[in-house]
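Undergrad: This structure is in structure tokens; I'll ask about it shortly.
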Amino acid sequence: METTFYDLPFTLAPGRVFTPRPATQGVVRVAGKLIGDEPKLVADVGTGSGVIAVSLAARHPRIEVWAVDQNPEAVALAQANARRNGVAERVHAIEGDLLEPVPVPVDVVVANLPYLPDSLHDPRYSNEPGDAIYAPGDGLDPYRRLLNACRDGKLVTPGGVVVIQFHREALTANCWELEDLRTRLEEKQEVAA
Ligand SMILES: C[S@@+](CC[C@H](N)C(=O)[O-])C[C@H]1O[C@@H](n2cnc3c(N)ncnc32)[C@H](O)[C@@H]1O
């Protein structure tokens, strides 16, 4: 199966790797504005089919992207999509947890991680792998752990920024605003519940 995302062609693996939704193009737009024409190091955490990593690399020829996923099938698909779009030299798809396998501090972290509580069953996602959508408790642990990791000066450069997708919105914070972003996530999650 195929899709077009940000005007680029992507191969999909329905049922095995999350199928990207159009709203995620908002994350690419917001992150793209922050990246501009500068050379930057970027991490796409929970890359799935690689749509965010590949779209950013295609539009911003001076960036290098680490595209991380815990699902090995997603990693292989993201790498194949990077090759398909001619950006495989600058998109490194790697398996692992959050920022753990990224070998250098990055300037920009983008992420569309699971955030729905695992007590829910959302019929819009019934064909998706559960661990792409749901997380224990209030669902926010993956984002809480990511924001904590970003606070560690070894993983994100001083002045680095985070762009995350949450309930179809792209939320942004500078490194020094991560506590505020965590509070915003918790408030929005309560409203959505
Ligand atoms: C909602 S999907 C998003 C995929 C893609 N970024 C997109 O927007 O289409 C979430 C992805 O995060 C991955 N994931 C979940 N927890 C993770 C973790 N702790 N570390 C790395 N990847 C994770 C899942 O395997 C899944 O591919």
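Simple scheme: letters A, B, ... for chains in structure tokens order, numbers from 1 for residues in each chain, numbers from 1 for ligands in the order shown.
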Using only C-alpha atoms, determine which residues lie at most 8 Å from range 159-163 of chain A, disregarding the query and same-chain residues fewer than 5 positions distant; provide the list as a PyMOL selection string.
TA: chain A and resi 27+30-31+106-111+170-175
Undergrad: Just to be explicit: take each residue in the selection above, keep C-alpha atoms, and write the result as a PDB file, in the first residue's frame.
TA:
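Dumped to part08.pdb:
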ATOM      1  CA  VAL A  27       4.388  18.699  12.746  1.00  0.00           C
ATOM      2  CA  VAL A  30       6.092  23.639  12.351  1.00  0.00           C
ATOM      3  CA  ALA A  31       9.440  21.832  12.625  1.00  0.00           C
ATOM      4  CA  VAL A 106      20.401  17.007  18.402  1.00  0.00           C
ATOM      5  CA  ASP A 107      19.081  20.527  17.799  1.00  0.00           C
ATOM      6  CA  VAL A 108      15.477  19.533  17.065  1.00  0.00           C
ATOM      7  CA  VAL A 109      13.395  16.668  18.465  1.00  0.00           C
ATOM      8  CA  VAL A 110      10.163  15.824  16.624  1.00  0.00           C
ATOM      9  CA  ALA A 111       7.816  13.107  17.835  1.00  0.00           C
ATOM     10  CA  ALA A 170       1.737  20.337  16.876  1.00  0.00           C
ATOM     11  CA  LEU A 171       3.036  21.608  20.251  1.00  0.00           C
ATOM     12  CA  THR A 172       6.440  23.266  20.495  1.00  0.00           C
ATOM     13  CA  ALA A 173       8.778  24.114  23.357  1.00  0.00           C
ATOM     14  CA  ASN A 174      12.317  25.294  23.839  1.00  0.00           C
ATOM     15  CA  CYS A 175      14.531  23.206  26.115  1.00  0.00           C
TER      16      CYS A 175
END
Undergrad: Sorted by chain and rising residue number, list the residues of chain A at most 8 Å from ligand 1 (counting only C-alpha atoms and all ligand atoms), each with its closest atom pair and distance in Å to one decimal, as JSON lines.
TA:
{"residue": "A:Val17", "atom": "CA", "partner": "ligand 1", "partner_atom_place_in_ligand_line": "27 (O)", "distance": 6.0}
{"residue": "A:Phe18", "atom": "CA", "partner": "ligand 1", "partner_atom_place_in_ligand_line": "2 (S)", "distance": 5.2}
{"residue": "A:Thr19", "atom": "CA", "partner": "ligand 1", "partner_atom_place_in_ligand_line": "9 (O)", "distance": 5.8}
{"residue": "A:Pro20", "atom": "CA", "partner": "ligand 1", "partner_atom_place_in_ligand_line": "9 (O)", "distance": 3.5}
{"residue": "A:Arg21", "atom": "CA", "partner": "ligand 1", "partner_atom_place_in_ligand_line": "9 (O)", "distance": 6.3}
{"residue": "A:Thr24", "atom": "CA", "partner": "ligand 1", "partner_atom_place_in_ligand_line": "8 (O)", "distance": 5.6}
{"residue": "A:Asp44", "atom": "CA", "partner": "ligand 1", "partner_atom_place_in_ligand_line": "6 (N)", "distance": 7.3}
{"residue": "A:Val45", "atom": "CA", "partner": "ligand 1", "partner_atom_place_in_ligand_line": "21 (C)", "distance": 5.8}
{"residue": "A:Gly46", "atom": "CA", "partner": "ligand 1", "partner_atom_place_in_ligand_line": "12 (O)", "distance": 3.2}
{"residue": "A:Thr47", "atom": "CA", "partner": "ligand 1", "partner_atom_place_in_ligand_line": "6 (N)", "distance": 3.9}
{"residue": "A:Gly48", "atom": "CA", "partner": "ligand 1", "partner_atom_place_in_ligand_line": "27 (O)", "distance": 3.6}
{"residue": "A:Ser49", "atom": "CA", "partner": "ligand 1", "partner_atom_place_in_ligand_line": "5 (C)", "distance": 6.0}
{"residue": "A:Gly50", "atom": "CA", "partner": "ligand 1", "partner_atom_place_in_ligand_line": "5 (C)", "distance": 6.2}
{"residue": "A:Val51", "atom": "CA", "partner": "ligand 1", "partner_atom_place_in_ligand_line": "9 (O)", "distance": 6.1}
{"residue": "A:Ile52", "atom": "CA", "partner": "ligand 1", "partner_atom_place_in_ligand_line": "6 (N)", "distance": 6.1}
{"residue": "A:Val68", "atom": "CA", "partner": "ligand 1", "partner_atom_place_in_ligand_line": "21 (C)", "distance": 5.7}
{"residue": "A:Asp69", "atom": "CA", "partner": "ligand 1", "partner_atom_place_in_ligand_line": "22 (N)", "distance": 3.6}
{"residue": "A:Gln70", "atom": "CA", "partner": "ligand 1", "partner_atom_place_in_ligand_line": "21 (C)", "distance": 4.3}
{"residue": "A:Asn71", "atom": "CA", "partner": "ligand 1", "partner_atom_place_in_ligand_line": "25 (O)", "distance": 4.8}
{"residue": "A:Ala74", "atom": "CA", "partner": "ligand 1", "partner_atom_place_in_ligand_line": "27 (O)", "distance": 6.0}
{"residue": "A:Glu95", "atom": "CA", "partner": "ligand 1", "partner_atom_place_in_ligand_line": "21 (C)", "distance": 7.4}
{"residue": "A:Gly96", "atom": "CA", "partner": "ligand 1", "partner_atom_place_in_ligand_line": "21 (C)", "distance": 5.7}
{"residue": "A:Asp97", "atom": "CA", "partner": "ligand 1", "partner_atom_place_in_ligand_line": "20 (N)", "distance": 3.6}
{"residue": "A:Leu98", "atom": "CA", "partner": "ligand 1", "partner_atom_place_in_ligand_line": "20 (N)", "distance": 3.9}
{"residue": "A:Leu99", "atom": "CA", "partner": "ligand 1", "partner_atom_place_in_ligand_line": "20 (N)", "distance": 7.5}
{"residue": "A:Ala111", "atom": "CA", "partner": "ligand 1", "partner_atom_place_in_ligand_line": "6 (N)", "distance": 6.4}
{"residue": "A:Asn112", "atom": "CA", "partner": "ligand 1", "partner_atom_place_in_ligand_line": "6 (N)", "distance": 4.8}
{"residue": "A:Leu113", "atom": "CA", "partner": "ligand 1", "partner_atom_place_in_ligand_line": "10 (C)", "distance": 4.3}
{"residue": "A:Pro114", "atom": "CA", "partner": "ligand 1", "partner_atom_place_in_ligand_line": "10 (C)", "distance": 5.2}
{"residue": "A:Pro129", "atom": "CA", "partner": "ligand 1", "partner_atom_place_in_ligand_line": "25 (O)", "distance": 7.8}
{"residue": "A:Asp131", "atom": "CA", "partner": "ligand 1", "partner_atom_place_in_ligand_line": "15 (C)", "distance": 5.8}
{"residue": "A:Ala132", "atom": "CA", "partner": "ligand 1", "partner_atom_place_in_ligand_line": "26 (C)", "distance": 3.9}
{"residue": "A:Ile133", "atom": "CA", "partner": "ligand 1", "partner_atom_place_in_ligand_line": "1 (C)", "distance": 5.4}
{"residue": "A:Pro142", "atom": "CA", "partner": "ligand 1", "partner_atom_place_in_ligand_line": "19 (N)", "distance": 5.9}
Undergrad: List the spatial neighbours of His167 in chain A as an NGL selection string - criterion: any atom at most 9 Å away, only C-alpha atoms, same-chain residues fewer than 3 positions off excluded.
TA: :A and (115 or 170 or 188-189 or 192)
Undergrad: Please dump the current selection as a tab-separated table (two decimals), in the first residue's frame; keep all heavy atoms.
TA:
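Writing the result to out-v3.tsv gives the following:
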chain	number	residue	atom	x	y	z
A	115	TYR	N	-0.14	8.30	22.86
A	115	TYR	CA	-0.56	9.11	24.01
A	115	TYR	C	-1.98	8.80	24.49
A	115	TYR	O	-2.50	9.45	25.38
A	115	TYR	CB	-0.44	10.61	23.71
A	115	TYR	CG	-1.16	11.06	22.45
A	115	TYR	CD1	-2.53	11.24	22.44
A	115	TYR	CD2	-0.45	11.28	21.28
A	115	TYR	CE1	-3.18	11.64	21.28
A	115	TYR	CE2	-1.09	11.67	20.12
A	115	TYR	CZ	-2.45	11.85	20.13
A	115	TYR	OH	-3.10	12.24	18.98
A	170	ALA	N	0.28	20.35	16.75
A	170	ALA	CA	1.74	20.34	16.88
A	170	ALA	C	2.11	21.31	18.00
A	170	ALA	O	1.87	22.51	17.88
A	170	ALA	CB	2.39	20.76	15.57
A	188	LYS	N	-4.39	19.20	28.68
A	188	LYS	CA	-5.14	18.84	27.45
A	188	LYS	C	-5.66	17.41	27.54
A	188	LYS	O	-6.74	17.11	27.06
A	188	LYS	CB	-4.23	18.99	26.23
A	188	LYS	CG	-4.05	20.43	25.77
A	188	LYS	CD	-3.03	20.51	24.66
A	188	LYS	CE	-2.77	21.93	24.24
A	188	LYS	NZ	-3.85	22.52	23.45
A	189	GLN	N	-4.87	16.51	28.15
A	189	GLN	CA	-5.31	15.12	28.26
A	189	GLN	C	-6.55	15.02	29.16
A	189	GLN	O	-7.46	14.25	28.87
A	189	GLN	CB	-4.16	14.27	28.83
A	189	GLN	CG	-4.37	12.76	28.75
A	189	GLN	CD	-4.15	12.22	27.33
A	189	GLN	OE1	-4.58	12.83	26.35
A	189	GLN	NE2	-3.49	11.09	27.21
A	192	ALA	N	-9.51	16.11	27.15
A	192	ALA	CA	-9.89	15.12	26.13
A	192	ALA	C	-10.57	13.89	26.73
A	192	ALA	O	-11.30	13.17	26.07
A	192	ALA	CB	-8.65	14.69	25.34
Undergrad: Kindly indicate which residue among A:Gly26, A:Pro105, A:Pro9, A:Pro158 lies nearest to Leu41 in chain A, using only C-alpha atoms for the distances.
TA: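 Checking each of A:Gly26, A:Pro105, A:Pro9, A:Pro158 against Leu41 in chain A, counting only C-alpha atoms, the winner is A:Pro105.
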Undergrad: In Å, how far is it from CA of Val87 in chain A to CA of Glu169 in chain A?
TA: 26.6 Å
Undergrad: Using backbone DSSP assignments, extract all helix (DSSP H, G or I) residues from range 34-185 of chain A; output them as a VMD selection string.
TA: chain A and resid 34 to 35 51 to 59 72 to 84 123 to 125 130 to 132 141 to 151 175 to 185
Undergrad: Any chance you could export the current selection's C-alpha atoms as a CSV table (one decimal), in the first residue's frame?
TA:
chain,number,residue,atom,x,y,z
A,34,LEU,CA,12.2,26.2,13.1
A,35,ILE,CA,14.8,24.4,11.0
A,51,VAL,CA,7.1,10.3,7.0
A,52,ILE,CA,8.3,13.1,9.4
A,53,ALA,CA,12.0,12.3,9.1
A,54,VAL,CA,11.9,11.8,5.3
A,55,SER,CA,9.7,14.9,4.6
A,56,LEU,CA,12.0,17.1,6.7
A,57,ALA,CA,15.2,15.7,5.1
A,58,ALA,CA,13.7,16.2,1.6
A,59,ARG,CA,12.8,19.8,2.2
A,72,PRO,CA,12.0,-3.2,13.9
A,73,GLU,CA,9.5,-3.4,11.0
A,74,ALA,CA,9.0,0.4,11.3
A,75,VAL,CA,12.8,1.0,11.2
A,76,ALA,CA,13.1,-1.1,8.0
A,77,LEU,CA,10.2,0.7,6.4
A,78,ALA,CA,11.5,4.1,7.4
A,79,GLN,CA,14.9,3.3,5.8
A,80,ALA,CA,13.2,2.0,2.7
A,81,ASN,CA,11.1,5.2,2.4
A,82,ALA,CA,14.3,7.3,2.9
A,83,ARG,CA,15.9,5.4,0.0
A,84,ARG,CA,12.8,5.8,-2.1
A,123,PRO,CA,-12.2,2.6,16.6
A,124,ARG,CA,-10.2,4.9,14.4
A,125,TYR,CA,-7.1,3.0,15.2
A,130,GLY,CA,-1.5,-1.2,19.8
A,131,ASP,CA,1.9,0.0,21.0
A,132,ALA,CA,1.8,2.8,18.3
A,141,ASP,CA,4.4,8.2,29.9
A,142,PRO,CA,6.1,8.1,26.5
A,143,TYR,CA,6.0,11.9,26.2
A,144,ARG,CA,6.9,12.4,29.9
A,145,ARG,CA,9.9,10.2,29.4
A,146,LEU,CA,10.9,11.9,26.2
A,147,LEU,CA,10.7,15.4,27.8
A,148,ASN,CA,12.8,14.2,30.8
A,149,ALA,CA,15.4,12.8,28.3
A,150,CYS,CA,15.4,16.1,26.5
A,151,ARG,CA,16.2,17.9,29.8
A,175,CYS,CA,14.5,23.2,26.1
A,176,TRP,CA,13.9,25.5,29.1
A,177,GLU,CA,10.1,25.3,28.6
A,178,LEU,CA,9.8,21.5,28.9
A,179,GLU,CA,8.2,21.5,32.3
A,180,ASP,CA,5.6,23.9,30.9
A,181,LEU,CA,5.0,21.6,28.0
A,182,ARG,CA,4.5,18.6,30.3
A,183,THR,CA,1.8,20.6,32.2
A,184,ARG,CA,0.1,21.6,28.9
A,185,LEU,CA,0.0,17.9,27.9
Undergrad: In Å, rounded to a single decimal, give me how far CA of Ile63 in chain A is from CA of Ala23 in chain A.
TA: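 We find that CA of Ala23 in chain A and CA of Ile63 in chain A lie 22.9 Å from each other.
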Undergrad: If we count only C-alpha atoms and set the cut-off at 10 Å, which residues sit around Ala193 in chain A, ignoring sequence neighbours fewer than 2 positions away in its own chain? Please answer as an MDAnalysis selection string.
TA: chainID A and resid 116:117 120 138 188:191
Undergrad: Identify, on the basis of only C-alpha atoms, every residue whose closest approach to Leu8 in chain A does not exceed 8 Å; exclude the query and any residue fewer than 2 positions from it along the same chain; express the result as a PyMOL selection string.
TA: chain A and resi 4-6+10+55+85
Undergrad: Using all heavy atoms, can you write the selected residues to a file as a short mmCIF file (atom, residue, chain, number, x, y, z; two decimals), in the first residue's frame?
TA:
data_model
loop_
_atom_site.label_atom_id
_atom_site.label_comp_id
_atom_site.auth_asym_id
_atom_site.auth_seq_id
_atom_site.Cartn_x
_atom_site.Cartn_y
_atom_site.Cartn_z
N THR A 4 0.61 9.41 -0.16
CA THR A 4 1.38 10.64 -0.41
C THR A 4 1.31 11.46 0.87
O THR A 4 0.23 11.65 1.43
CB THR A 4 0.77 11.43 -1.57
OG1 THR A 4 0.78 10.60 -2.72
CG2 THR A 4 1.55 12.70 -1.87
N PHE A 5 2.47 11.90 1.32
CA PHE A 5 2.54 12.69 2.55
C PHE A 5 3.48 13.85 2.25
O PHE A 5 4.61 13.63 1.81
CB PHE A 5 3.08 11.82 3.69
CG PHE A 5 3.17 12.49 5.03
CD1 PHE A 5 2.14 12.37 5.97
CD2 PHE A 5 4.30 13.24 5.36
CE1 PHE A 5 2.24 12.99 7.21
CE2 PHE A 5 4.39 13.86 6.60
CZ PHE A 5 3.37 13.73 7.52
N TYR A 6 3.01 15.05 2.48
CA TYR A 6 3.83 16.24 2.18
C TYR A 6 4.35 16.19 0.73
O TYR A 6 5.51 16.47 0.43
CB TYR A 6 5.01 16.33 3.17
CG TYR A 6 5.12 17.70 3.78
CD1 TYR A 6 4.18 18.16 4.70
CD2 TYR A 6 6.17 18.55 3.44
CE1 TYR A 6 4.29 19.43 5.25
CE2 TYR A 6 6.29 19.80 3.99
CZ TYR A 6 5.35 20.25 4.89
OH TYR A 6 5.45 21.50 5.43
N PHE A 10 5.18 7.40 -0.20
CA PHE A 10 5.63 6.51 0.88
C PHE A 10 4.99 5.14 0.73
O PHE A 10 3.81 5.03 0.41
CB PHE A 10 5.26 7.09 2.25
CG PHE A 10 6.10 8.27 2.63
CD1 PHE A 10 5.75 9.56 2.23
CD2 PHE A 10 7.27 8.10 3.36
CE1 PHE A 10 6.54 10.65 2.55
CE2 PHE A 10 8.07 9.18 3.69
CZ PHE A 10 7.70 10.46 3.28
N SER A 55 10.26 13.62 5.12
CA SER A 55 9.74 14.89 4.58
C SER A 55 10.64 16.05 4.99
O SER A 55 10.92 16.95 4.19
CB SER A 55 8.32 15.16 5.11
OG SER A 55 7.47 14.10 4.78
N ASN A 85 12.94 8.11 -1.43
CA ASN A 85 12.87 9.56 -1.64
C ASN A 85 14.24 10.22 -1.76
O ASN A 85 14.36 11.45 -1.71
CB ASN A 85 12.04 10.20 -0.52
CG ASN A 85 10.56 9.94 -0.71
OD1 ASN A 85 9.93 10.55 -1.57
ND2 ASN A 85 9.99 9.00 0.06
#
Undergrad: How many Å separate CA of Ala67 in chain A from CA of Asp118 in chain A?
TA: 24.9 Å
Undergrad: Give the strand (DSSP E or B) residues of range 86-170 of chain A, as assigned by DSSP on the backbone, as a list in words.
TA: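 Going through range 86-170 of chain A, the strand (DSSP E or B) residues come out as Val91, His92, Ala93, Ile94, Glu95, Val106, Asp107, Val108, Val109, Val110, Ala111, Leu116, Pro117, Tyr134, Ala135, Val156, Thr157, Pro158, Gly159, Gly160, Val161, Val162, Val163, Ile164, Gln165, Phe166, Glu169 and Ala170 of chain A.
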Undergrad: Any chance you can output those residues with C-alpha atoms as a short mmCIF file (atom, residue, chain, number, x, y, z; two decimals), in the first residue's frame?
TA:
data_model
loop_
_atom_site.label_atom_id
_atom_site.label_comp_id
_atom_site.auth_asym_id
_atom_site.auth_seq_id
_atom_site.Cartn_x
_atom_site.Cartn_y
_atom_site.Cartn_z
CA VAL A 91 18.22 9.75 7.38
CA HIS A 92 19.50 7.07 9.75
CA ALA A 93 16.70 4.74 10.83
CA ILE A 94 17.59 2.99 14.09
CA GLU A 95 15.84 0.69 16.51
CA VAL A 106 20.40 17.01 18.40
CA ASP A 107 19.08 20.53 17.80
CA VAL A 108 15.48 19.53 17.07
CA VAL A 109 13.39 16.67 18.46
CA VAL A 110 10.16 15.82 16.62
CA ALA A 111 7.82 13.11 17.83
CA LEU A 116 -3.98 7.45 24.37
CA PRO A 117 -4.64 5.64 27.69
CA TYR A 134 -1.80 3.34 23.53
CA ALA A 135 0.32 3.74 26.65
CA VAL A 156 19.74 17.87 23.07
CA THR A 157 21.93 20.89 22.35
CA PRO A 158 21.51 24.05 24.46
CA GLY A 159 18.80 26.05 22.71
CA GLY A 160 17.31 22.90 21.21
CA VAL A 161 13.59 22.65 20.49
CA VAL A 162 10.93 19.95 20.75
CA VAL A 163 7.91 19.60 18.44
CA ILE A 164 5.35 16.94 19.35
CA GLN A 165 2.03 15.85 17.95
CA PHE A 166 -0.76 15.66 20.52
CA GLU A 169 -1.98 19.62 17.30
CA ALA A 170 1.74 20.34 16.88
#
